[in-house]
Amino acid sequence: MTDTFDHLKQLIEVGKWGKRLPDNSKFKEPCHQRLFNALKTVETDNEPTPIELVALIRHFLRREDEDINGGTPQTLKVPRYYPYPDDKTLWERCGIAILKENNDYLLIYAQKWQSKWLNYTETLETSVFAEEKRRNYTPISGDRFLSLVGLDDYRSIGQREAIKAVLTAPEKSTTVINLPTGAGKSLCAQLPALLASIQGGVTVIVVPTTALALDQERALSAHLSHPTAYYGDESEAGKHRRREMRQRIRQGTQRIVFTSPESLIYSLSACLYQAAKRGYLRYFVIDEVHMVEQWGEEFRPAFQEIPGLRRDLLRYTSFKTVLLTATLTESCLDTLETLFGEPGEFQTLSAVQLRPEPSYWFKRCETEIERQNRLLEAIYHLPRPIIIYGSTKDDVYRWGDLLTNAGLRRFAVMTGETPTKKRSQLIQQWREKSIDIVVATSAFGLGVDQQDVRSVIHVCIPETIDRFYQEVGRGGRDGKASISLTLYTKDDYKIAGSLNERRSITLERGLQRWESMFNGKIKESSGLYRVSLQVPPSMSDEDIDMNSQQNRNWNSRTLTLMSQAGLIEMDWRQPPQRHDYSSEAEYKKAYENHQNSRIIRIKNEFHLKTETWENYVEPIREKRRQENTLNLALMKEALWEHPKRCLSAIFQEAYTIPGKNEPKRRKSITVSPACGGCPWCRQQQKQPFASIMPHPSPIWKTCDYSLGNKLSNILKNDNLLLIFYDVSQTNELNKLIQWLIDQGVNNFVSTIPLNISVPNNKVIFLYDEFQPIKMYPVPTVIYHPPNQSLPKKYLNANKFSVPHIILLPHNTKDPNRSDRLLINVFNGRGFNLNVFCKEMNL
C-alpha cells in the first residue's frame with residue numbers, strides 16, 4: 001500500500017485537486033479511492049466541505065499508521081489554501097495534530113481517538129483502521145460441478161453442505177438455508193439453478209431490492225448470456241428488456257430471473273404460470289427470507305403473499321423451494337414452516353457462526369444535546385463509510401438536519417418512504433464512494449452488499465436484538481474489523497417498547513378485521529374464498545379514513561396470523577388474462593381486483609367465534625409477544641453499563657432454536673459464538689475470538705435421484721452390488737466408473753485420488769471416506785483400492801436405503817474371516833469386471 005499512499009500524499013502536498021488530478025490514478029485501498037474521488041469533485045456542485053475533507057484525510061493517515069503496524073505516525077504537509085481549510089480548529093476537531101505551520105502549509109499527523117466518554121478507548125479504533133481480518137471460514141475442497149461457475153473450492157463447510165442439501169432435495173420440498181454473511185449463501189441457489197437448467201428451465205430468485213438483483217446479475221454475467229435482473233425501468237430499453245425476459249420465461253430459456261416480491265406477484269406471475277404449465281420451473285427461491293415475517297415500519301405484504309402463489313404453481317408442475325437467510329429466529333422459522341411447510345417436506349440446514357467482525361460500544365447520554373455532540377465527535381473520527389440508524393423516519397430526518405448544520409454534505413437520508421428511483425440513485429452514489437454517510441431507518445442495508453462499511457452507529461435503541469444484529473451486520477462484510485457504536489437516552493427505552501408492542505395485532509382488532517374481510521367474501525371453486533384487502537376493519541370514522549396502504553398491510557398481517565394459527569390456508573389463483581375480456585377497462589378492473597384481494601381456504605369452521613381466536617390465535621400471539629419481549633430484554637441487557645456476560649452469549653440466546661416434536665419434528669439449531677470485542681470482554685481483558693462454523697448433518701432421509709434403466713435392471717430390488725476387478729484393468733475400470741456416473745450415481749467414495757473425468761454438468765459428490773451418517777442417501781459408488789482390508793460396514797446391505805456399488809480387487813478377503821476371499825463366499829449380487837463390461841457393452 002505504501003506506493004499508493006505516497007502517490008496520494010504527493011498529490012495533496014503539491015496542492016492538486018479536481019481537474020488538476022491525473023485521470024489515470026488508481027488506488028486499491030478503499031479509503032484512498034474515497035479521498036481521491038472527493039478531491040476530484042472540488043470546484044463542482046458535489047465538492048466536499050472542509051470538515052469532510054479533514055475527516056477523509058484523517059482516515060487516510062490512520063489507515064497508513066496501522067498498516068505499517070505502529071511506530072512513528074505518518075505526517076502530511078497540507079497547503080494552507082482552498083480546498084484545504086486554514087482553520088486549525090477544524091483539524092483538531094477531527095483528531096489531527098499540527099506539528100508545524102508556516103505561511104504555505106500545515107505539517108500534520110493523525111492522533112488516536114481518545115474519547116473522554118468511552119472506556120478502553122486505547123483499543124477503540126486500532127483494529128478497524130488496520131482492517132484486521134476477523135472472519136475465519138476455511139475453504140473446502142470442491143466437487144467437480146463447481147467449475148460450472150469457475151470455482152475449485154467451497155467457501156465454507158456450511159456452503160458445501162447447503163449446496164448438497166439443495167441438490168438432493170425431494171420434489172416439492174422446501175429447504176431453509178441458514179448461513180452467516182460471507183459464507184457463500186447466494187451460490188446455494190444459483191449453482192443448483194444453473195445445473196438444473198442446462199437443458200432448459202427457469203429458476204425464480206426473489207430478492208428484496210433492485211440493487212441486490214443487479215448485484216446477482218453481475219455475479220452471473222460470465223456464465224449467462226442474457227439479462228437476469230427483472231426490475232422497474234420505464235424507459236423504452238427497460239420495457240423491451242422486461243418483455244424479452246418474460247418471453248424467455250414462457251419458453252423455458254431464461255434459466256434464472258432475479259426479481260422483487262412485488263414484481264413476482266404482479267408483473268411476472270402470468271408468465272410464470274405459463275412456464276409452470278409447460279414444466280419449466282426448477283427452483284423457487286427467496287433470499288433474505290426473514291423479511292416474510294417482517295412486522296415493523298418496513299413491512300412489505302408481497303413477501304407474505306408469495307406462499308399462496310407458490311402453492312398454486314405447484315398444482316401445475318413440480319419444483320423445489322429454497323429459502324435463504326443469515327438471521328433466523330424461532331418465530332421466523334415457525335412462520336416459514338406455516339407458509340411453506342406443504343405440500344412437500346420442510347427441512348432447515350443451519351451452520352451459523354456469529355459475526356466476528358464488529359466491536360461493540362455503548363454509551364448512555366443524559367441529554368439530547370449530549371448525544372448530538374457525541375455523534376458529531378464520532379463522525380469526525382470514525383472511518384468511512386458510516387451508516388447511522390434511527391428508529392423512525394422523523395428521527396432520521398432530524399439527524400440529517402444535524403449533519404447539514406455541522407457542515408457535512410457527503411451524506412444521504414433514506415427511509416421506507418424514499419421513492420424507488422431516489423433509493424437507486426443513493427445506492428449508486430454509495431457504491432461509487434461519492435457519499436460517505438447514510439442516515440437511515442432499517443429500510444437501508446438489506447440487500448445492499450457494500451463490503452467496506454467500517455462504522456455503524458445507532459442513535460436509538462432498536463426494539464429487538466435481532467434488528468440490532470442485522471443492522472450492525474451491515475459493517476465488516478468483507479470479513480475485516482468494524483465498529484458498532486450505540487448512543488442512547490432514557491427516552492429511547494420508551495420508543496423501543498412502543499415499537500416492540502406494535503409488532504403484533506391485538507386479538508380483538510384481528511377478529512374485527514377478519515369479520516370485515518369475510519363479510520365481503522366472494523366464493524371461488526373448491527371451497528376457496530376471495531377476500532378483499534382494502535376493506536376497513538369497521539365503519540367508524542378513524543377506520544374509514546385509515547391510510548389505504550396501511551390498512552391493506554394490516555389485513556395482510558391478519559391473514560398471515562390466522563394461517564399460522566391454522567384457521568385458514570393462504571392460496572392463489574392465476575392472474576386475469578387480457579384475452580378473456582372484451583375491453584381493456586374490464587381487464588384492468590379484474591386485474592386490480594386480483595391485486596387487492598387474496599384467496600383463502602377455511603380450515604376451521606368456527607373461525608368467526610371469539611373463543612376460537614382465544615384458543616388458536618391467542619397462543620400464537622402470546623408466543624410472539626413473549627419472543628418480542630425477550631428480544632427487547634436482550635437488547636436492553638446489551639446496554640448494561642456493568643454487563644454480566646459476553647454479547648455473543650446474548651446473540652446466541654436470540655438465535656438458538658430449540659428442537660420440537662409437535663406438530664412436526666424439528667432438530668434444534670445451535671449458534672457458534674464469536675465476538676469482535678464488547679464491554680464484558682474488555683472488562684475481562686478477553687481478546688476478540690471466533691469459534692469454527694458448525695458442521696451441519698444431512699437433512700434429508702430420502703432424496704430425489706434418477707437411476708438409469710440399465711443399472712436399475714442389474715440391481716433389481718437389491719441395494720448392494722459388488723464388482724470385482726483386477727489391478728491391471730485400469731482402462732476397463734475407468735470405463736465402468738464413467739458408465740456409473742452416466743447411470744445416475746451421485747456419491748463417489750475413494751480413499752485415493754482417481755484420474756476420472758466427471759462432466760461439470762453431473763452432480764457428483766466426492767468423498768475420501770465412507771461415512772453414511774454424513775452422506776445424503778443417493779446412489780453411491782465406493783472404490784476400494786488394492787492391499788487394504790475391507791471394512792465390515794461396506795457390506796451392511798440391509799442398512800442401505802439406496803443403491804451402493806462397491807468396486808474391489810479380486811483378492812479382497814472376507815472381512816469376517818481372513819482365511820478366505822470375499823469373491824468366493826459373497827452370496828449377493830456380484831460380478832467380475834470383465835463379465836459386467838461385456839453385458840453392458842462397455
# chains A, B, ... in the order shown; residues from 1 in each chain; ligands from 1
$ closest_atom_pairs --of "range 432-517 of chain A" --to "range 354-378 of chain A" --cutoff "7 Å" --atoms "only C-alpha atoms" --output "tab-separated table"
residue	atom	partner	partner_atom	distance
A:Gly476	CA	A:Glu357	CA	5.7
A:Gly479	CA	A:Glu357	CA	6.2
A:Lys480	CA	A:Glu357	CA	5.8
A:Ala481	CA	A:Glu357	CA	4.5
A:Ser482	CA	A:Pro358	CA	4.6
A:Ile483	CA	A:Ser359	CA	5.1
A:Ser484	CA	A:Tyr360	CA	4.9
A:Leu485	CA	A:Trp361	CA	4.8
A:Thr486	CA	A:Phe362	CA	4.7
A:Leu487	CA	A:Lys363	CA	5.2
A:Tyr488	CA	A:Arg364	CA	5.0
A:Thr489	CA	A:Cys365	CA	5.1
$ write_last_selection --atoms "all heavy atoms" --output "PDB file, in the first residue's frame"
ATOM      1  N   GLY A 476     -18.391  -4.434   8.051  1.00  0.00           N
ATOM      2  CA  GLY A 476     -17.427  -5.523   8.022  1.00  0.00           C
ATOM      3  C   GLY A 476     -17.822  -6.698   7.159  1.00  0.00           C
ATOM      4  O   GLY A 476     -17.409  -7.829   7.432  1.00  0.00           O
ATOM      5  N   GLY A 479     -15.257  -9.162   5.905  1.00  0.00           N
ATOM      6  CA  GLY A 479     -14.580 -10.036   6.852  1.00  0.00           C
ATOM      7  C   GLY A 479     -13.565  -9.327   7.732  1.00  0.00           C
ATOM      8  O   GLY A 479     -12.902  -9.961   8.558  1.00  0.00           O
ATOM      9  N   LYS A 480     -13.461  -7.996   7.583  1.00  0.00           N
ATOM     10  CA  LYS A 480     -12.494  -7.226   8.358  1.00  0.00           C
ATOM     11  C   LYS A 480     -13.197  -6.488   9.500  1.00  0.00           C
ATOM     12  O   LYS A 480     -14.405  -6.309   9.483  1.00  0.00           O
ATOM     13  CB  LYS A 480     -11.764  -6.240   7.439  1.00  0.00           C
ATOM     14  CG  LYS A 480     -10.974  -6.924   6.332  1.00  0.00           C
ATOM     15  CD  LYS A 480     -10.381  -5.906   5.367  1.00  0.00           C
ATOM     16  CE  LYS A 480      -9.643  -6.598   4.231  1.00  0.00           C
ATOM     17  NZ  LYS A 480      -9.111  -5.615   3.245  1.00  0.00           N
ATOM     18  N   ALA A 481     -12.404  -6.044  10.475  1.00  0.00           N
ATOM     19  CA  ALA A 481     -12.953  -5.424  11.678  1.00  0.00           C
ATOM     20  C   ALA A 481     -13.801  -4.205  11.356  1.00  0.00           C
ATOM     21  O   ALA A 481     -13.512  -3.437  10.437  1.00  0.00           O
ATOM     22  CB  ALA A 481     -11.815  -5.037  12.619  1.00  0.00           C
ATOM     23  N   SER A 482     -14.859  -4.038  12.125  1.00  0.00           N
ATOM     24  CA  SER A 482     -15.728  -2.865  12.022  1.00  0.00           C
ATOM     25  C   SER A 482     -16.095  -2.412  13.429  1.00  0.00           C
ATOM     26  O   SER A 482     -15.810  -3.102  14.410  1.00  0.00           O
ATOM     27  CB  SER A 482     -16.990  -3.189  11.211  1.00  0.00           C
ATOM     28  OG  SER A 482     -17.760  -4.184  11.867  1.00  0.00           O
ATOM     29  N   ILE A 483     -16.737  -1.250  13.510  1.00  0.00           N
ATOM     30  CA  ILE A 483     -17.125  -0.672  14.804  1.00  0.00           C
ATOM     31  C   ILE A 483     -18.636  -0.494  14.853  1.00  0.00           C
ATOM     32  O   ILE A 483     -19.246  -0.016  13.902  1.00  0.00           O
ATOM     33  CB  ILE A 483     -16.444   0.695  15.028  1.00  0.00           C
ATOM     34  CG1 ILE A 483     -14.967   0.498  15.390  1.00  0.00           C
ATOM     35  CG2 ILE A 483     -17.135   1.480  16.130  1.00  0.00           C
ATOM     36  CD1 ILE A 483     -14.218   1.808  15.585  1.00  0.00           C
ATOM     37  N   SER A 484     -19.232  -0.908  15.962  1.00  0.00           N
ATOM     38  CA  SER A 484     -20.640  -0.621  16.247  1.00  0.00           C
ATOM     39  C   SER A 484     -20.689   0.284  17.476  1.00  0.00           C
ATOM     40  O   SER A 484     -20.179  -0.072  18.540  1.00  0.00           O
ATOM     41  CB  SER A 484     -21.404  -1.920  16.526  1.00  0.00           C
ATOM     42  OG  SER A 484     -22.630  -1.641  17.188  1.00  0.00           O
ATOM     43  N   LEU A 485     -21.293   1.456  17.306  1.00  0.00           N
ATOM     44  CA  LEU A 485     -21.435   2.412  18.407  1.00  0.00           C
ATOM     45  C   LEU A 485     -22.907   2.730  18.594  1.00  0.00           C
ATOM     46  O   LEU A 485     -23.599   3.077  17.633  1.00  0.00           O
ATOM     47  CB  LEU A 485     -20.659   3.705  18.091  1.00  0.00           C
ATOM     48  CG  LEU A 485     -20.863   4.878  19.059  1.00  0.00           C
ATOM     49  CD1 LEU A 485     -20.351   4.534  20.459  1.00  0.00           C
ATOM     50  CD2 LEU A 485     -20.173   6.133  18.521  1.00  0.00           C
ATOM     51  N   THR A 486     -23.404   2.587  19.824  1.00  0.00           N
ATOM     52  CA  THR A 486     -24.801   2.901  20.144  1.00  0.00           C
ATOM     53  C   THR A 486     -24.848   4.037  21.145  1.00  0.00           C
ATOM     54  O   THR A 486     -24.292   3.930  22.246  1.00  0.00           O
ATOM     55  CB  THR A 486     -25.522   1.669  20.722  1.00  0.00           C
ATOM     56  OG1 THR A 486     -25.446   0.601  19.784  1.00  0.00           O
ATOM     57  CG2 THR A 486     -26.983   1.981  21.007  1.00  0.00           C
ATOM     58  N   LEU A 487     -25.499   5.141  20.762  1.00  0.00           N
ATOM     59  CA  LEU A 487     -25.697   6.303  21.632  1.00  0.00           C
ATOM     60  C   LEU A 487     -27.187   6.406  21.934  1.00  0.00           C
ATOM     61  O   LEU A 487     -27.994   6.529  21.016  1.00  0.00           O
ATOM     62  CB  LEU A 487     -25.207   7.578  20.930  1.00  0.00           C
ATOM     63  CG  LEU A 487     -23.736   7.583  20.485  1.00  0.00           C
ATOM     64  CD1 LEU A 487     -23.451   8.819  19.637  1.00  0.00           C
ATOM     65  CD2 LEU A 487     -22.806   7.531  21.686  1.00  0.00           C
ATOM     66  N   TYR A 488     -27.553   6.355  23.203  1.00  0.00           N
ATOM     67  CA  TYR A 488     -28.972   6.301  23.543  1.00  0.00           C
ATOM     68  C   TYR A 488     -29.265   7.178  24.753  1.00  0.00           C
ATOM     69  O   TYR A 488     -28.363   7.555  25.518  1.00  0.00           O
ATOM     70  CB  TYR A 488     -29.406   4.862  23.809  1.00  0.00           C
ATOM     71  CG  TYR A 488     -28.736   4.224  25.007  1.00  0.00           C
ATOM     72  CD1 TYR A 488     -29.368   4.162  26.245  1.00  0.00           C
ATOM     73  CD2 TYR A 488     -27.459   3.686  24.902  1.00  0.00           C
ATOM     74  CE1 TYR A 488     -28.754   3.585  27.345  1.00  0.00           C
ATOM     75  CE2 TYR A 488     -26.830   3.106  25.989  1.00  0.00           C
ATOM     76  CZ  TYR A 488     -27.474   3.057  27.215  1.00  0.00           C
ATOM     77  OH  TYR A 488     -26.856   2.488  28.307  1.00  0.00           O
ATOM     78  N   THR A 489     -30.546   7.504  24.916  1.00  0.00           N
ATOM     79  CA  THR A 489     -31.024   8.261  26.068  1.00  0.00           C
ATOM     80  C   THR A 489     -32.124   7.462  26.758  1.00  0.00           C
ATOM     81  O   THR A 489     -32.621   6.463  26.215  1.00  0.00           O
ATOM     82  CB  THR A 489     -31.578   9.631  25.643  1.00  0.00           C
ATOM     83  OG1 THR A 489     -32.774   9.426  24.878  1.00  0.00           O
ATOM     84  CG2 THR A 489     -30.568  10.407  24.808  1.00  0.00           C
TER      85      THR A 489
END
$ residues_around --residues "range 447-458 of chain A" --least-positions-apart "6" --cutoff "9 Å" --atoms "only C-alpha atoms" --output "mmCIF file with N, CA, C and O atoms, in the first residue's frame"
data_model
loop_
_atom_site.group_PDB
_atom_site.id
_atom_site.type_symbol
_atom_site.label_atom_id
_atom_site.label_comp_id
_atom_site.auth_asym_id
_atom_site.auth_seq_id
_atom_site.Cartn_x
_atom_site.Cartn_y
_atom_site.Cartn_z
ATOM 1 N N PRO A 30 -9.722 1.230 -0.366
ATOM 2 C CA PRO A 30 -10.994 1.968 -0.406
ATOM 3 C C PRO A 30 -10.900 3.385 0.148
ATOM 4 O O PRO A 30 -11.498 4.305 -0.403
ATOM 5 N N VAL A 128 -9.840 -1.531 13.517
ATOM 6 C CA VAL A 128 -10.676 -1.148 12.380
ATOM 7 C C VAL A 128 -9.871 -0.366 11.347
ATOM 8 O O VAL A 128 -10.054 -0.541 10.133
ATOM 9 N N PHE A 129 -8.937 0.506 11.792
ATOM 10 C CA PHE A 129 -8.094 1.195 10.824
ATOM 11 C C PHE A 129 -7.048 0.249 10.239
ATOM 12 O O PHE A 129 -6.604 0.428 9.101
ATOM 13 N N GLU A 131 -7.800 -2.650 9.491
ATOM 14 C CA GLU A 131 -8.623 -3.557 8.693
ATOM 15 C C GLU A 131 -8.237 -5.013 8.994
ATOM 16 O O GLU A 131 -8.029 -5.832 8.104
ATOM 17 N N VAL A 207 -35.529 -11.377 -4.467
ATOM 18 C CA VAL A 207 -34.601 -10.599 -3.646
ATOM 19 C C VAL A 207 -35.310 -9.320 -3.206
ATOM 20 O O VAL A 207 -36.235 -8.851 -3.871
ATOM 21 N N PRO A 208 -34.895 -8.725 -2.085
ATOM 22 C CA PRO A 208 -35.659 -7.584 -1.548
ATOM 23 C C PRO A 208 -35.452 -6.271 -2.278
ATOM 24 O O PRO A 208 -36.285 -5.378 -2.177
ATOM 25 N N THR A 209 -34.337 -6.116 -2.994
ATOM 26 C CA THR A 209 -34.063 -4.827 -3.610
ATOM 27 C C THR A 209 -33.572 -4.988 -5.047
ATOM 28 O O THR A 209 -32.979 -6.005 -5.409
ATOM 29 N N THR A 210 -33.801 -3.948 -5.838
ATOM 30 C CA THR A 210 -33.266 -3.914 -7.201
ATOM 31 C C THR A 210 -31.749 -3.959 -7.179
ATOM 32 O O THR A 210 -31.119 -4.599 -8.031
ATOM 33 N N ALA A 211 -31.138 -3.295 -6.185
ATOM 34 C CA ALA A 211 -29.678 -3.283 -6.092
ATOM 35 C C ALA A 211 -29.127 -4.693 -5.967
ATOM 36 O O ALA A 211 -28.123 -5.042 -6.602
ATOM 37 N N LEU A 212 -29.777 -5.509 -5.151
ATOM 38 C CA LEU A 212 -29.305 -6.874 -4.987
ATOM 39 C C LEU A 212 -29.522 -7.682 -6.261
ATOM 40 O O LEU A 212 -28.684 -8.507 -6.638
ATOM 41 N N ALA A 213 -30.635 -7.457 -6.941
ATOM 42 C CA ALA A 213 -30.873 -8.153 -8.208
ATOM 43 C C ALA A 213 -29.775 -7.828 -9.211
ATOM 44 O O ALA A 213 -29.274 -8.721 -9.916
ATOM 45 N N ASP A 215 -26.736 -6.803 -8.466
ATOM 46 C CA ASP A 215 -25.506 -7.430 -7.968
ATOM 47 C C ASP A 215 -25.422 -8.890 -8.405
ATOM 48 O O ASP A 215 -24.381 -9.367 -8.874
ATOM 49 N N ASP A 287 -34.562 -15.010 -1.225
ATOM 50 C CA ASP A 287 -33.388 -14.561 -0.468
ATOM 51 C C ASP A 287 -33.835 -13.574 0.606
ATOM 52 O O ASP A 287 -34.845 -12.897 0.446
ATOM 53 N N GLU A 288 -33.060 -13.508 1.700
ATOM 54 C CA GLU A 288 -33.428 -12.662 2.846
ATOM 55 C C GLU A 288 -34.851 -13.001 3.287
ATOM 56 O O GLU A 288 -35.692 -12.129 3.511
ATOM 57 N N PRO A 358 -17.586 -7.084 14.120
ATOM 58 C CA PRO A 358 -17.827 -5.830 14.852
ATOM 59 C C PRO A 358 -17.277 -5.851 16.276
ATOM 60 O O PRO A 358 -17.336 -6.872 16.977
ATOM 61 N N LEU A 375 -22.310 12.208 18.817
ATOM 62 C CA LEU A 375 -22.451 11.680 17.469
ATOM 63 C C LEU A 375 -21.513 12.411 16.517
ATOM 64 O O LEU A 375 -20.803 11.774 15.715
ATOM 65 N N ALA A 378 -17.965 11.370 17.033
ATOM 66 C CA ALA A 378 -17.716 10.047 16.452
ATOM 67 C C ALA A 378 -17.577 10.130 14.934
ATOM 68 O O ALA A 378 -16.682 9.515 14.339
ATOM 69 N N LEU A 382 -14.409 8.472 13.222
ATOM 70 C CA LEU A 382 -14.537 7.080 12.778
ATOM 71 C C LEU A 382 -14.282 6.932 11.279
ATOM 72 O O LEU A 382 -14.523 7.857 10.502
ATOM 73 N N PRO A 383 -13.818 5.765 10.881
ATOM 74 C CA PRO A 383 -13.530 5.534 9.458
ATOM 75 C C PRO A 383 -14.796 5.464 8.621
ATOM 76 O O PRO A 383 -15.835 5.003 9.073
ATOM 77 N N ARG A 384 -14.678 5.917 7.385
ATOM 78 C CA ARG A 384 -15.757 5.852 6.416
ATOM 79 C C ARG A 384 -15.716 4.521 5.678
ATOM 80 O O ARG A 384 -14.656 3.906 5.606
ATOM 81 N N PRO A 385 -16.832 4.109 5.076
ATOM 82 C CA PRO A 385 -18.172 4.708 5.147
ATOM 83 C C PRO A 385 -18.868 4.393 6.467
ATOM 84 O O PRO A 385 -18.535 3.413 7.142
ATOM 85 N N ILE A 386 -19.863 5.226 6.790
ATOM 86 C CA ILE A 386 -20.592 5.129 8.060
ATOM 87 C C ILE A 386 -22.084 5.015 7.769
ATOM 88 O O ILE A 386 -22.615 5.706 6.898
ATOM 89 N N ILE A 387 -22.761 4.134 8.505
ATOM 90 C CA ILE A 387 -24.226 4.098 8.485
ATOM 91 C C ILE A 387 -24.724 4.536 9.857
ATOM 92 O O ILE A 387 -24.240 4.036 10.887
ATOM 93 N N ILE A 388 -25.670 5.468 9.875
ATOM 94 C CA ILE A 388 -26.290 5.933 11.117
ATOM 95 C C ILE A 388 -27.744 5.489 11.101
ATOM 96 O O ILE A 388 -28.498 5.862 10.191
ATOM 97 N N TYR A 389 -28.144 4.694 12.076
ATOM 98 C CA TYR A 389 -29.511 4.168 12.129
ATOM 99 C C TYR A 389 -30.335 4.876 13.191
ATOM 100 O O TYR A 389 -29.904 5.040 14.338
ATOM 101 N N GLY A 390 -31.549 5.286 12.794
ATOM 102 C CA GLY A 390 -32.560 5.748 13.735
ATOM 103 C C GLY A 390 -33.764 4.825 13.664
ATOM 104 O O GLY A 390 -33.864 3.976 12.773
ATOM 105 N N SER A 391 -34.705 4.976 14.574
ATOM 106 C CA SER A 391 -35.859 4.073 14.620
ATOM 107 C C SER A 391 -37.014 4.523 13.746
ATOM 108 O O SER A 391 -37.745 3.707 13.208
ATOM 109 N N ILE A 427 -28.014 4.409 -3.610
ATOM 110 C CA ILE A 427 -27.168 3.213 -3.540
ATOM 111 C C ILE A 427 -26.024 3.299 -4.547
ATOM 112 O O ILE A 427 -24.893 2.887 -4.259
ATOM 113 N N TRP A 430 -23.493 5.598 -3.131
ATOM 114 C CA TRP A 430 -22.857 4.892 -2.013
ATOM 115 C C TRP A 430 -21.754 3.969 -2.541
ATOM 116 O O TRP A 430 -20.651 3.913 -2.000
ATOM 117 N N ARG A 431 -22.061 3.252 -3.601
ATOM 118 C CA ARG A 431 -21.086 2.321 -4.169
ATOM 119 C C ARG A 431 -19.938 3.050 -4.866
ATOM 120 O O ARG A 431 -18.813 2.574 -4.871
ATOM 121 N N PHE A 468 -31.062 -5.083 15.839
ATOM 122 C CA PHE A 468 -29.736 -4.536 16.137
ATOM 123 C C PHE A 468 -28.644 -5.358 15.453
ATOM 124 O O PHE A 468 -27.756 -4.814 14.787
ATOM 125 N N GLU A 471 -28.579 -4.876 11.639
ATOM 126 C CA GLU A 471 -28.075 -3.578 11.206
ATOM 127 C C GLU A 471 -26.590 -3.440 11.471
ATOM 128 O O GLU A 471 -25.857 -2.892 10.634
ATOM 129 N N VAL A 472 -26.117 -3.942 12.604
ATOM 130 C CA VAL A 472 -24.674 -3.947 12.859
ATOM 131 C C VAL A 472 -23.961 -4.764 11.785
ATOM 132 O O VAL A 472 -22.846 -4.445 11.369
ATOM 133 N N GLY A 473 -24.648 -5.800 11.314
ATOM 134 C CA GLY A 473 -24.070 -6.678 10.302
ATOM 135 C C GLY A 473 -23.858 -6.030 8.951
ATOM 136 O O GLY A 473 -23.270 -6.651 8.058
ATOM 137 N N ARG A 474 -24.307 -4.776 8.762
ATOM 138 C CA ARG A 474 -24.007 -4.071 7.515
ATOM 139 C C ARG A 474 -22.550 -3.633 7.469
ATOM 140 O O ARG A 474 -22.040 -3.261 6.423
ATOM 141 N N GLY A 475 -21.874 -3.680 8.621
ATOM 142 C CA GLY A 475 -20.457 -3.342 8.660
ATOM 143 C C GLY A 475 -19.596 -4.592 8.574
ATOM 144 O O GLY A 475 -20.011 -5.680 8.960
ATOM 145 N N GLY A 476 -18.391 -4.434 8.051
ATOM 146 C CA GLY A 476 -17.427 -5.523 8.022
ATOM 147 C C GLY A 476 -17.822 -6.698 7.159
ATOM 148 O O GLY A 476 -17.409 -7.829 7.432
ATOM 149 N N ARG A 477 -18.562 -6.454 6.100
ATOM 150 C CA ARG A 477 -18.998 -7.573 5.265
ATOM 151 C C ARG A 477 -17.839 -8.147 4.437
ATOM 152 O O ARG A 477 -17.982 -9.193 3.817
ATOM 153 N N ASP A 478 -16.710 -7.466 4.417
ATOM 154 C CA ASP A 478 -15.514 -8.001 3.770
ATOM 155 C C ASP A 478 -14.715 -8.903 4.706
ATOM 156 O O ASP A 478 -13.634 -9.366 4.359
ATOM 157 N N GLY A 479 -15.257 -9.162 5.905
ATOM 158 C CA GLY A 479 -14.580 -10.036 6.852
ATOM 159 C C GLY A 479 -13.565 -9.327 7.732
ATOM 160 O O GLY A 479 -12.902 -9.961 8.558
ATOM 161 N N LYS A 480 -13.461 -7.996 7.583
ATOM 162 C CA LYS A 480 -12.494 -7.226 8.358
ATOM 163 C C LYS A 480 -13.197 -6.488 9.500
ATOM 164 O O LYS A 480 -14.405 -6.309 9.483
ATOM 165 N N ALA A 481 -12.404 -6.044 10.475
ATOM 166 C CA ALA A 481 -12.953 -5.424 11.678
ATOM 167 C C ALA A 481 -13.801 -4.205 11.356
ATOM 168 O O ALA A 481 -13.512 -3.437 10.437
ATOM 169 N N SER A 482 -14.859 -4.038 12.125
ATOM 170 C CA SER A 482 -15.728 -2.865 12.022
ATOM 171 C C SER A 482 -16.095 -2.412 13.429
ATOM 172 O O SER A 482 -15.810 -3.102 14.410
ATOM 173 N N ILE A 483 -16.737 -1.250 13.510
ATOM 174 C CA ILE A 483 -17.125 -0.672 14.804
ATOM 175 C C ILE A 483 -18.636 -0.494 14.853
ATOM 176 O O ILE A 483 -19.246 -0.016 13.902
ATOM 177 N N SER A 484 -19.232 -0.908 15.962
ATOM 178 C CA SER A 484 -20.640 -0.621 16.247
ATOM 179 C C SER A 484 -20.689 0.284 17.476
ATOM 180 O O SER A 484 -20.179 -0.072 18.540
ATOM 181 N N LEU A 485 -21.293 1.456 17.306
ATOM 182 C CA LEU A 485 -21.435 2.412 18.407
ATOM 183 C C LEU A 485 -22.907 2.730 18.594
ATOM 184 O O LEU A 485 -23.599 3.077 17.633
ATOM 185 N N THR A 486 -23.404 2.587 19.824
ATOM 186 C CA THR A 486 -24.801 2.901 20.144
ATOM 187 C C THR A 486 -24.848 4.037 21.145
ATOM 188 O O THR A 486 -24.292 3.930 22.246
ATOM 189 N N LEU A 487 -25.499 5.141 20.762
ATOM 190 C CA LEU A 487 -25.697 6.303 21.632
ATOM 191 C C LEU A 487 -27.187 6.406 21.934
ATOM 192 O O LEU A 487 -27.994 6.529 21.016
ATOM 193 N N TYR A 488 -27.553 6.355 23.203
ATOM 194 C CA TYR A 488 -28.972 6.301 23.543
ATOM 195 C C TYR A 488 -29.265 7.178 24.753
ATOM 196 O O TYR A 488 -28.363 7.555 25.518
#
$ residues_around --residues "Tyr231 in chain A" --least-positions-apart "4" --cutoff "12 Å" --atoms "only C-alpha atoms" --output "PyMOL selection string"
chain A and resi 206-214+217+227+235+238-243+245-246+257-264+266-268+420-421+424
$ residues_around --residues "Arg423 in chain A" --least-positions-apart "5" --cutoff "12 Å" --atoms "only C-alpha atoms" --output "list of chain:residue names"
A:Thr209, A:Thr210, A:Ala211, A:Ala412, A:Val413, A:Met414, A:Thr415, A:Gly416, A:Glu417, A:Thr418, A:Gln428, A:Gln429, A:Trp430, A:Val438, A:Ala440, A:Ala443, A:Phe444, A:Gly445, A:Val448
$ residues_around --residues "range 616-626 of chain A" --least-positions-apart "3" --cutoff "12 Å" --atoms "only C-alpha atoms" --output "VMD selection string"
chain A and resid 293 295 329 to 332 334 to 335 338 464 497 500 to 508 510 to 511 557 to 568 603 to 604 606 to 613 629 to 633
